[in-house]
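S.K.: Quick one: the structure is below, and I'll ask about it shortly.
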Amino acid sequence: MSTKDYLVQSIVSQMVIYLMEEFHWDMMKAMRAVYHSALFQKLDDKEIGLYTQSPKYVYCYLKKELLTGKYI
């Protein structure tokens, strides 16, 4: 596993926990929300480098996408 992959998975796991806590979702629903989001595509993009940011910072974008249906 590369460093990038490790960082992406670490952020994803933390965002799943945030979704479970904030929205009272079960783990599978939270994981589907993360992995099917437009944000996940950006998170996995090496050129953008979003995976180098904190999980809470990235989660703010995910939450906005989920609540508005739009990714900035």
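If you're wondering about the labels, chains in the structure tokens are A, B, ... by order shown, residues count from 1 in each chain, ligands from 1 in order shown.
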Identify all residues of chain A in helix (DSSP H, G or I) (DSSP on the backbone) and supply them as a count of residues only.
M.R.: 53
S.K.: Please provide the set of residues having any atom within 12 Å of Lys42 in chain A, restricted to only C-alpha atoms, with same-chain residues fewer than 2 positions apart removed, written as a ChimeraX atom specification.
M.R.: /A:8,34-40,44-52,58,61-62,71-72
S.K.: Between CA of Met1 in chain A and CA of Met20 in chain A, measure the distance and give it in Å to one decimal.
M.R.: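 Those two atoms sit 26.3 Å apart.
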S.K.: Can you work out the spacing between CA of Val16 in chain A and CA of Ala30 in chain A in Å, to one decimal?
M.R.: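 Separation of CA of Val16 in chain A and CA of Ala30 in chain A: 5.3 Å.
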S.K.: For a quick check of understanding, using only C-alpha atoms, which of A:Thr3, A:Val12, A:Lys70, A:Gln41 has the smallest distance to Met27 in chain A?
M.R.: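 Closest to Met27 in chain A of all the choices is A:Val12.
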S.K.: Let me make sure I understand: among A:Leu43, A:Ala33, A:Leu66, A:Leu19, which one has the smallest atom-to-atom distance to Tyr6 in chain A if we use only C-alpha atoms?
M.R.: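 Looking at the shortest contact to Tyr6 in chain A, the residue is A:Leu43.
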